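start.cif follows; it contains mmCIF, N, CA and C atoms.
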data_work
#
loop_
_atom_site.label_atom_id
_atom_site.label_comp_id
_atom_site.auth_asym_id
_atom_site.auth_seq_id
_atom_site.Cartn_x
_atom_site.Cartn_y
_atom_site.Cartn_z
N MET N 9 0.84 -1.18 0.00
CA MET N 9 0.00 0.00 0.00
C MET N 9 0.89 1.25 0.00
N ALA N 10 0.58 2.18 -0.87
CA ALA N 10 1.37 3.41 -0.98
C ALA N 10 1.13 4.31 0.22
N GLU N 11 2.19 4.95 0.65
CA GLU N 11 2.12 5.87 1.79
C GLU N 11 1.43 7.15 1.36
N GLN N 12 0.45 7.61 2.14
CA GLN N 12 -0.27 8.84 1.85
C GLN N 12 0.53 10.03 2.37
N PRO N 13 0.55 11.14 1.60
CA PRO N 13 1.28 12.33 2.08
C PRO N 13 0.52 13.01 3.21
N CYS N 14 1.22 13.79 4.00
CA CYS N 14 0.59 14.64 5.00
C CYS N 14 -0.02 15.82 4.25
N VAL N 15 -1.16 16.34 4.76
CA VAL N 15 -1.86 17.42 4.09
C VAL N 15 -2.13 18.55 5.07
N ILE N 16 -1.81 19.78 4.64
CA ILE N 16 -2.23 20.98 5.37
C ILE N 16 -3.43 21.50 4.60
N GLY N 17 -4.61 21.39 5.20
CA GLY N 17 -5.87 21.66 4.52
C GLY N 17 -6.09 23.11 4.14
N LYS N 18 -7.11 23.31 3.29
CA LYS N 18 -7.40 24.63 2.72
C LYS N 18 -7.69 25.70 3.76
N THR N 19 -8.26 25.33 4.89
CA THR N 19 -8.64 26.33 5.89
C THR N 19 -7.61 26.43 7.01
N VAL N 20 -6.46 25.77 6.85
CA VAL N 20 -5.43 25.74 7.89
C VAL N 20 -4.31 26.72 7.56
N THR N 21 -3.88 27.48 8.59
CA THR N 21 -2.70 28.34 8.49
C THR N 21 -1.68 27.85 9.49
N VAL N 22 -0.45 27.64 9.02
CA VAL N 22 0.64 27.20 9.88
C VAL N 22 1.70 28.30 9.88
N ARG N 23 2.07 28.76 11.09
CA ARG N 23 3.15 29.73 11.25
C ARG N 23 4.24 29.08 12.08
N GLY N 24 5.46 29.06 11.52
CA GLY N 24 6.57 28.44 12.25
C GLY N 24 7.35 27.52 11.35
N THR N 25 7.82 26.40 11.90
CA THR N 25 8.65 25.46 11.17
C THR N 25 7.90 24.16 10.95
N VAL N 26 7.90 23.72 9.69
CA VAL N 26 7.35 22.42 9.33
C VAL N 26 8.52 21.58 8.85
N SER N 27 8.73 20.41 9.47
CA SER N 27 9.85 19.57 9.06
C SER N 27 9.44 18.11 9.16
N GLY N 28 10.14 17.27 8.38
CA GLY N 28 9.85 15.85 8.47
C GLY N 28 10.45 15.06 7.32
N GLY N 29 10.18 13.78 7.36
CA GLY N 29 10.71 12.86 6.37
C GLY N 29 9.67 12.32 5.43
N GLU N 30 8.46 12.90 5.43
CA GLU N 30 7.38 12.43 4.57
C GLU N 30 7.06 13.46 3.50
N ASP N 31 6.27 13.04 2.51
CA ASP N 31 5.77 13.96 1.50
C ASP N 31 4.73 14.87 2.16
N LEU N 32 4.64 16.11 1.67
CA LEU N 32 3.70 17.08 2.22
C LEU N 32 2.94 17.76 1.09
N VAL N 33 1.62 17.90 1.27
CA VAL N 33 0.77 18.63 0.35
C VAL N 33 0.22 19.82 1.12
N VAL N 34 0.41 21.03 0.56
CA VAL N 34 -0.12 22.23 1.19
C VAL N 34 -1.28 22.73 0.35
N GLU N 35 -2.45 22.82 0.98
CA GLU N 35 -3.65 23.36 0.34
C GLU N 35 -4.01 24.70 0.96
N GLY N 36 -3.48 24.98 2.18
CA GLY N 36 -3.79 26.19 2.92
C GLY N 36 -2.65 27.19 2.86
N ARG N 37 -2.26 27.69 4.02
CA ARG N 37 -1.23 28.74 4.10
C ARG N 37 -0.13 28.30 5.07
N VAL N 38 1.14 28.52 4.67
CA VAL N 38 2.28 28.26 5.54
C VAL N 38 3.17 29.50 5.52
N GLU N 39 3.55 29.95 6.73
CA GLU N 39 4.46 31.08 6.89
C GLU N 39 5.59 30.64 7.80
N GLY N 40 6.84 30.75 7.34
CA GLY N 40 7.97 30.38 8.19
C GLY N 40 9.02 29.60 7.46
N THR N 41 9.19 28.33 7.83
CA THR N 41 10.22 27.46 7.27
C THR N 41 9.65 26.08 7.02
N ILE N 42 10.00 25.52 5.86
CA ILE N 42 9.63 24.14 5.55
C ILE N 42 10.91 23.39 5.23
N ALA N 43 11.17 22.28 5.93
CA ALA N 43 12.35 21.45 5.70
C ALA N 43 11.88 20.00 5.60
N LEU N 44 11.95 19.44 4.40
CA LEU N 44 11.48 18.08 4.16
C LEU N 44 12.54 17.27 3.44
N GLU N 45 12.65 16.01 3.80
CA GLU N 45 13.57 15.11 3.11
C GLU N 45 13.00 14.69 1.76
N ARG N 46 11.69 14.71 1.64
CA ARG N 46 11.05 14.20 0.43
C ARG N 46 10.40 15.33 -0.36
N SER N 47 9.18 15.15 -0.81
CA SER N 47 8.59 16.10 -1.75
C SER N 47 7.55 17.02 -1.11
N LEU N 48 7.43 18.19 -1.72
CA LEU N 48 6.45 19.20 -1.32
C LEU N 48 5.61 19.54 -2.53
N LEU N 49 4.29 19.48 -2.37
CA LEU N 49 3.35 19.86 -3.41
C LEU N 49 2.53 21.02 -2.87
N ILE N 50 2.58 22.16 -3.56
CA ILE N 50 1.83 23.34 -3.17
C ILE N 50 0.69 23.48 -4.17
N GLU N 51 -0.53 23.26 -3.69
CA GLU N 51 -1.71 23.24 -4.55
C GLU N 51 -2.15 24.65 -4.95
N PRO N 52 -3.02 24.78 -5.96
CA PRO N 52 -3.46 26.10 -6.43
C PRO N 52 -4.13 26.95 -5.34
N SER N 53 -4.75 26.32 -4.37
CA SER N 53 -5.42 27.05 -3.28
C SER N 53 -4.45 27.55 -2.22
N ALA N 54 -3.17 27.17 -2.31
CA ALA N 54 -2.20 27.42 -1.24
C ALA N 54 -1.38 28.69 -1.48
N THR N 55 -0.98 29.29 -0.34
CA THR N 55 -0.02 30.38 -0.33
C THR N 55 1.06 30.03 0.68
N VAL N 56 2.30 30.03 0.23
CA VAL N 56 3.43 29.71 1.11
C VAL N 56 4.39 30.90 1.09
N GLU N 57 4.66 31.43 2.28
CA GLU N 57 5.67 32.47 2.46
C GLU N 57 6.68 31.88 3.42
N ALA N 58 7.73 31.25 2.84
CA ALA N 58 8.64 30.49 3.68
C ALA N 58 9.96 30.26 2.97
N ASP N 59 10.98 29.96 3.76
CA ASP N 59 12.22 29.42 3.25
C ASP N 59 12.03 27.92 3.21
N VAL N 60 12.33 27.31 2.07
CA VAL N 60 11.98 25.91 1.83
C VAL N 60 13.23 25.13 1.45
N GLU N 61 13.41 23.97 2.10
CA GLU N 61 14.47 23.04 1.75
C GLU N 61 13.82 21.67 1.61
N VAL N 62 13.82 21.13 0.37
CA VAL N 62 13.11 19.88 0.08
C VAL N 62 13.90 19.03 -0.89
N GLY N 63 13.42 17.80 -1.06
CA GLY N 63 13.96 16.95 -2.11
C GLY N 63 13.42 17.38 -3.46
N GLU N 64 12.10 17.37 -3.60
CA GLU N 64 11.42 17.75 -4.84
C GLU N 64 10.32 18.74 -4.51
N LEU N 65 10.05 19.67 -5.44
CA LEU N 65 8.98 20.65 -5.25
C LEU N 65 8.14 20.73 -6.51
N THR N 66 6.83 20.66 -6.34
CA THR N 66 5.88 20.95 -7.41
C THR N 66 5.04 22.11 -6.94
N LEU N 67 5.09 23.21 -7.69
CA LEU N 67 4.37 24.42 -7.32
C LEU N 67 3.20 24.63 -8.28
N ARG N 68 1.99 24.60 -7.70
CA ARG N 68 0.77 24.88 -8.46
C ARG N 68 0.10 26.15 -7.95
N GLY N 69 0.49 26.60 -6.75
CA GLY N 69 -0.09 27.78 -6.12
C GLY N 69 0.90 28.93 -6.10
N ALA N 70 1.01 29.60 -4.93
CA ALA N 70 1.88 30.77 -4.79
C ALA N 70 2.95 30.49 -3.73
N LEU N 71 4.19 30.86 -4.05
CA LEU N 71 5.31 30.67 -3.13
C LEU N 71 6.21 31.89 -3.19
N ARG N 72 6.50 32.43 -2.00
CA ARG N 72 7.45 33.53 -1.86
C ARG N 72 8.48 33.11 -0.83
N GLY N 73 9.78 33.17 -1.24
CA GLY N 73 10.83 32.82 -0.30
C GLY N 73 12.05 32.28 -1.00
N GLU N 74 12.93 31.68 -0.21
CA GLU N 74 14.15 31.07 -0.73
C GLU N 74 13.94 29.57 -0.75
N VAL N 75 14.17 28.94 -1.92
CA VAL N 75 13.94 27.51 -2.07
C VAL N 75 15.24 26.83 -2.46
N ARG N 76 15.56 25.74 -1.75
CA ARG N 76 16.68 24.87 -2.09
C ARG N 76 16.12 23.46 -2.23
N ALA N 77 16.24 22.90 -3.43
CA ALA N 77 15.76 21.55 -3.69
C ALA N 77 16.94 20.68 -4.11
N SER N 78 17.12 19.55 -3.45
CA SER N 78 18.22 18.65 -3.80
C SER N 78 17.93 17.94 -5.12
N GLY N 79 16.68 17.87 -5.49
CA GLY N 79 16.29 17.26 -6.76
C GLY N 79 15.74 18.30 -7.71
N GLY N 80 14.50 18.08 -8.14
CA GLY N 80 13.91 18.96 -9.14
C GLY N 80 12.80 19.83 -8.61
N VAL N 81 12.52 20.90 -9.39
CA VAL N 81 11.44 21.82 -9.10
C VAL N 81 10.62 21.97 -10.38
N THR N 82 9.30 21.85 -10.24
CA THR N 82 8.40 22.09 -11.36
C THR N 82 7.43 23.19 -10.96
N ILE N 83 7.36 24.25 -11.77
CA ILE N 83 6.43 25.35 -11.56
C ILE N 83 5.43 25.28 -12.70
N VAL N 84 4.19 24.91 -12.39
CA VAL N 84 3.21 24.65 -13.44
C VAL N 84 2.51 25.93 -13.88
N ALA N 85 1.86 25.87 -15.02
CA ALA N 85 1.11 27.01 -15.55
C ALA N 85 0.11 27.50 -14.51
N GLY N 86 0.08 28.80 -14.30
CA GLY N 86 -0.83 29.39 -13.32
C GLY N 86 -0.21 29.60 -11.95
N ALA N 87 0.93 28.96 -11.68
CA ALA N 87 1.60 29.12 -10.39
C ALA N 87 2.39 30.42 -10.37
N ARG N 88 2.69 30.90 -9.13
CA ARG N 88 3.45 32.14 -8.96
C ARG N 88 4.60 31.89 -7.98
N PHE N 89 5.83 32.24 -8.41
CA PHE N 89 7.01 32.13 -7.56
C PHE N 89 7.69 33.48 -7.49
N ASP N 90 8.09 33.88 -6.27
CA ASP N 90 8.81 35.13 -6.06
C ASP N 90 9.91 34.86 -5.04
N GLY N 91 11.17 34.89 -5.49
CA GLY N 91 12.26 34.65 -4.55
C GLY N 91 13.48 34.10 -5.24
N THR N 92 14.23 33.28 -4.51
CA THR N 92 15.45 32.66 -5.00
C THR N 92 15.23 31.16 -5.06
N LEU N 93 15.60 30.57 -6.19
CA LEU N 93 15.40 29.14 -6.39
C LEU N 93 16.73 28.49 -6.74
N GLN N 94 17.09 27.46 -5.97
CA GLN N 94 18.31 26.70 -6.21
C GLN N 94 17.92 25.23 -6.30
N ALA N 95 18.22 24.60 -7.46
CA ALA N 95 17.84 23.20 -7.66
C ALA N 95 18.72 22.57 -8.72
N GLN N 96 18.69 21.24 -8.78
CA GLN N 96 19.44 20.51 -9.81
C GLN N 96 18.71 20.55 -11.15
N ARG N 97 17.37 20.46 -11.11
CA ARG N 97 16.55 20.49 -12.32
C ARG N 97 15.39 21.44 -12.08
N VAL N 98 15.07 22.26 -13.09
CA VAL N 98 13.96 23.20 -12.97
C VAL N 98 13.13 23.17 -14.25
N VAL N 99 11.82 23.06 -14.08
CA VAL N 99 10.88 23.17 -15.20
C VAL N 99 9.92 24.29 -14.85
N ILE N 100 9.86 25.30 -15.73
CA ILE N 100 8.91 26.39 -15.57
C ILE N 100 8.00 26.36 -16.78
N GLU N 101 6.75 25.95 -16.55
CA GLU N 101 5.82 25.83 -17.66
C GLU N 101 5.38 27.19 -18.17
N GLU N 102 5.02 27.23 -19.45
CA GLU N 102 4.47 28.45 -20.02
C GLU N 102 3.19 28.81 -19.26
N GLY N 103 3.08 30.07 -18.87
CA GLY N 103 1.92 30.52 -18.11
C GLY N 103 2.19 30.61 -16.62
N ALA N 104 3.35 30.14 -16.17
CA ALA N 104 3.76 30.29 -14.77
C ALA N 104 4.44 31.65 -14.61
N ALA N 105 4.31 32.24 -13.42
CA ALA N 105 4.95 33.53 -13.14
C ALA N 105 6.17 33.28 -12.25
N PHE N 106 7.35 33.72 -12.72
CA PHE N 106 8.59 33.56 -11.96
C PHE N 106 9.24 34.93 -11.84
N THR N 107 9.42 35.38 -10.59
CA THR N 107 10.11 36.63 -10.32
C THR N 107 11.20 36.31 -9.31
N GLY N 108 12.45 36.61 -9.66
CA GLY N 108 13.52 36.35 -8.71
C GLY N 108 14.77 35.86 -9.38
N ARG N 109 15.48 34.99 -8.66
CA ARG N 109 16.79 34.52 -9.11
C ARG N 109 16.80 33.00 -9.13
N LEU N 110 17.42 32.44 -10.16
CA LEU N 110 17.54 31.00 -10.32
C LEU N 110 19.01 30.63 -10.27
N GLU N 111 19.37 29.67 -9.41
CA GLU N 111 20.74 29.18 -9.28
C GLU N 111 20.75 27.69 -9.56
N MET N 112 21.61 27.27 -10.51
CA MET N 112 21.72 25.86 -10.84
C MET N 112 23.18 25.50 -11.04
N ASP N 113 23.55 24.28 -10.65
CA ASP N 113 24.87 23.74 -10.96
C ASP N 113 24.72 22.90 -12.22
N LEU N 114 25.35 23.35 -13.30
CA LEU N 114 25.24 22.65 -14.58
C LEU N 114 26.60 22.17 -15.04
N ASP N 115 26.61 21.01 -15.66
CA ASP N 115 27.81 20.52 -16.32
C ASP N 115 27.78 21.04 -17.75
N LEU N 116 28.70 21.96 -18.09
CA LEU N 116 28.73 22.55 -19.41
C LEU N 116 29.44 21.61 -20.37
N PRO N 117 29.00 21.61 -21.63
CA PRO N 117 29.68 20.77 -22.63
C PRO N 117 31.13 21.24 -22.82
N PRO N 118 32.00 20.35 -23.26
CA PRO N 118 33.38 20.74 -23.53
C PRO N 118 33.43 21.91 -24.50
N GLY N 119 34.32 22.86 -24.21
CA GLY N 119 34.49 24.01 -25.09
C GLY N 119 33.58 25.19 -24.76
N VAL N 120 32.66 25.02 -23.82
CA VAL N 120 31.78 26.13 -23.42
C VAL N 120 32.31 26.68 -22.11
N ALA N 121 32.63 27.96 -22.11
CA ALA N 121 33.19 28.60 -20.93
C ALA N 121 32.09 29.12 -20.02
N ALA N 122 32.27 28.97 -18.73
CA ALA N 122 31.34 29.54 -17.75
C ALA N 122 31.55 31.05 -17.70
N PRO N 123 30.47 31.83 -17.46
CA PRO N 123 30.61 33.28 -17.39
C PRO N 123 31.44 33.72 -16.21
#
Show me, as structure tokens, the structure contained in the file I just sent.
Amino acid sequence: MAEQPCVIGKTVTVRGTVSGGEDLVVEGRVEGTIALERSLLIEPSATVEADVEVGELTLRGALRGEVRASGGVTIVAGARFDGTLQAQRVVIEEGAAFTGRLEMDLDLPPGVAAP
């Protein structure tokens, strides 16, 4: 049986630190810090104003803050991001709003100089 993610419901506001080793789905509001070993899904109904450190992030709602993902980040159409994003892989779909700075470690092909 597949493990169900933890859910912060649409009418719930969390202020402070959220941490753990499970997947998390945010449908409500989180203000503060999120530190997860696994994945974070921010639904369209959600607003997150936090510094975030996760394995994987899927953003469908609104996120403002500094994000560090050890894996990938996907920002889907209709989502809004404002802040600094650091990840190994980033997908920003057409129709998503991204304001801020993106930091990635990339292996450049031979003969291409880093700026």
List, as number ranges by chain, every residue that the PyMOL selection byres ((chain N and resi 94) around 5) selects in the file provided. N: 75-77, 92-93, 95-96, 111
I need the residues from that last selection saved to file as a compact mmCIF listing (two decimals), in the frame of the given file (with N, CA and C atoms), if you can.
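So selection-v6.txt came out as:
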# COMPACT_ATOMS: atom_id res chain seq x y z
N VAL N 75 14.17 28.94 -1.92
CA VAL N 75 13.94 27.51 -2.07
C VAL N 75 15.24 26.83 -2.46
N ARG N 76 15.56 25.74 -1.75
CA ARG N 76 16.68 24.87 -2.09
C ARG N 76 16.12 23.46 -2.23
N ALA N 77 16.24 22.90 -3.43
CA ALA N 77 15.76 21.55 -3.69
C ALA N 77 16.94 20.68 -4.11
N THR N 92 14.23 33.28 -4.51
CA THR N 92 15.45 32.66 -5.00
C THR N 92 15.23 31.16 -5.06
N LEU N 93 15.60 30.57 -6.19
CA LEU N 93 15.40 29.14 -6.39
C LEU N 93 16.73 28.49 -6.74
N ALA N 95 18.22 24.60 -7.46
CA ALA N 95 17.84 23.20 -7.66
C ALA N 95 18.72 22.57 -8.72
N GLN N 96 18.69 21.24 -8.78
CA GLN N 96 19.44 20.51 -9.81
C GLN N 96 18.71 20.55 -11.15
N GLU N 111 19.37 29.67 -9.41
CA GLU N 111 20.74 29.18 -9.28
C GLU N 111 20.75 27.69 -9.56
If you count only N, CA and C atoms, which residues fall within 6 Å of N:Ser27, apart from same-chain ones fewer than 3 positions away, as a list in words?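 Here the qualifying residues turn out to be Ile42, Ala43 and Leu44 of chain N.
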Can you list, as a PyMOL selection string, the residues that the PyMOL selection byres ((chain N and resi 107) around 8) selects here? chain N and resi 88-93+104-106+108-110
Might you spell out which residues the PyMOL selection byres ((chain N and resi 55) around 8) would select in the displayed file, as a list in words?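 Answer for the PyMOL selection byres ((chain N and resi 55) around 8): Val34, Glu35, Gly36, Arg37, Val38, Glu39, Ile50, Glu51, Pro52, Ser53, Ala54, Val56, Glu57, Ala58, Gly69, Ala70, Leu71 and Arg72 of chain N.
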Box for stretch 69-72 of chain N: with edges along x, y and z, all listed atoms inside and 8 Å added on each side, what are the centre and edge lengths in Å to one decimal, as lines of an AutoDock Vina configuration file?
center_x = 4.2
center_y = 30.1
center_z = -3.8
size_x = 24.6
size_y = 22.9
size_z = 21.9
Near N:Gly40, within 8 Å and counting all atoms listed in the file, which residues show up once chain neighbours fewer than 6 positions away are dropped, as an mmCIF file with N, CA and C atoms, keeping the file's coordinate frame?
data_model
loop_
_atom_site.group_PDB
_atom_site.id
_atom_site.type_symbol
_atom_site.label_atom_id
_atom_site.label_comp_id
_atom_site.auth_asym_id
_atom_site.auth_seq_id
_atom_site.Cartn_x
_atom_site.Cartn_y
_atom_site.Cartn_z
ATOM 1 N N VAL N 22 -0.450 27.640 9.020
ATOM 2 C CA VAL N 22 0.640 27.200 9.880
ATOM 3 C C VAL N 22 1.700 28.300 9.880
ATOM 4 N N ARG N 23 2.070 28.760 11.090
ATOM 5 C CA ARG N 23 3.150 29.730 11.250
ATOM 6 C C ARG N 23 4.240 29.080 12.080
ATOM 7 N N GLY N 24 5.460 29.060 11.520
ATOM 8 C CA GLY N 24 6.570 28.440 12.250
ATOM 9 C C GLY N 24 7.350 27.520 11.350
ATOM 10 N N THR N 25 7.820 26.400 11.900
ATOM 11 C CA THR N 25 8.650 25.460 11.170
ATOM 12 C C THR N 25 7.900 24.160 10.950
ATOM 13 N N VAL N 26 7.900 23.720 9.690
ATOM 14 C CA VAL N 26 7.350 22.420 9.330
ATOM 15 C C VAL N 26 8.520 21.580 8.850
ATOM 16 N N VAL N 56 2.300 30.030 0.230
ATOM 17 C CA VAL N 56 3.430 29.710 1.110
ATOM 18 C C VAL N 56 4.390 30.900 1.090
ATOM 19 N N GLU N 57 4.660 31.430 2.280
ATOM 20 C CA GLU N 57 5.670 32.470 2.460
ATOM 21 C C GLU N 57 6.680 31.880 3.420
ATOM 22 N N ALA N 58 7.730 31.250 2.840
ATOM 23 C CA ALA N 58 8.640 30.490 3.680
ATOM 24 C C ALA N 58 9.960 30.260 2.970
ATOM 25 N N ASP N 59 10.980 29.960 3.760
ATOM 26 C CA ASP N 59 12.220 29.420 3.250
ATOM 27 C C ASP N 59 12.030 27.920 3.210
ATOM 28 N N VAL N 60 12.330 27.310 2.070
ATOM 29 C CA VAL N 60 11.980 25.910 1.830
ATOM 30 C C VAL N 60 13.230 25.130 1.450
#
Kindly indicate which residue among N:Pro13, N:Gly103, N:Gly86, N:Gly80 lies nearest to N:Gly63, using only N, CA and C atoms for the distances.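 Ranking N:Pro13, N:Gly103, N:Gly86, N:Gly80 by distance to N:Gly63, first place goes to N:Gly80.
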Neighbour residues at most 7 Å from (-3.4, 18.7, 1.4) (all atoms listed in the file) as a ChimeraX atom specification: /N:14-18,32-36
When DSSP is applied to the backbone of this structure, which of stretch 15-113 of chain N are assigned strand (DSSP E)? Write them out as a PyMOL selection string. chain N and resi 15-16+21-28+32-34+37-44+47-50+55-62+64-67+70-83+88-100+105-111
So which residues fall inside 5 Å of (19.7, 17.2, -8.8) if we count only N, CA and C atoms? Mind giving them as a list in words?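 So the residues meeting the distance criterion are Ser78, Gly79, Gln96 and Arg97 of chain N.
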Taking 5 positions as the minimum chain separation for residues in the same chain, which residues sit within 8 Å of N:Val98 when counting only C-alpha atoms? Answer as a list in words.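 Selected residues are Gly80, Val81, Thr82 and Ile83 of chain N.
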Calculate how many Å separate atom N of N:Gly73 from atom C of N:Glu61, rounding to one decimal. 12.5 Å
Restricting the calculation to all atoms listed in the file: of N:Leu49, N:Met112, N:Val62, N:Ile100, which residue gets closest to N:Asp31?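 Closest to N:Asp31 of all the choices is N:Leu49.
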Distance of atom CA of N:Glu45 from atom N of N:Glu101, expressed in Å to one decimal place: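 It comes out at 23.5 Å.
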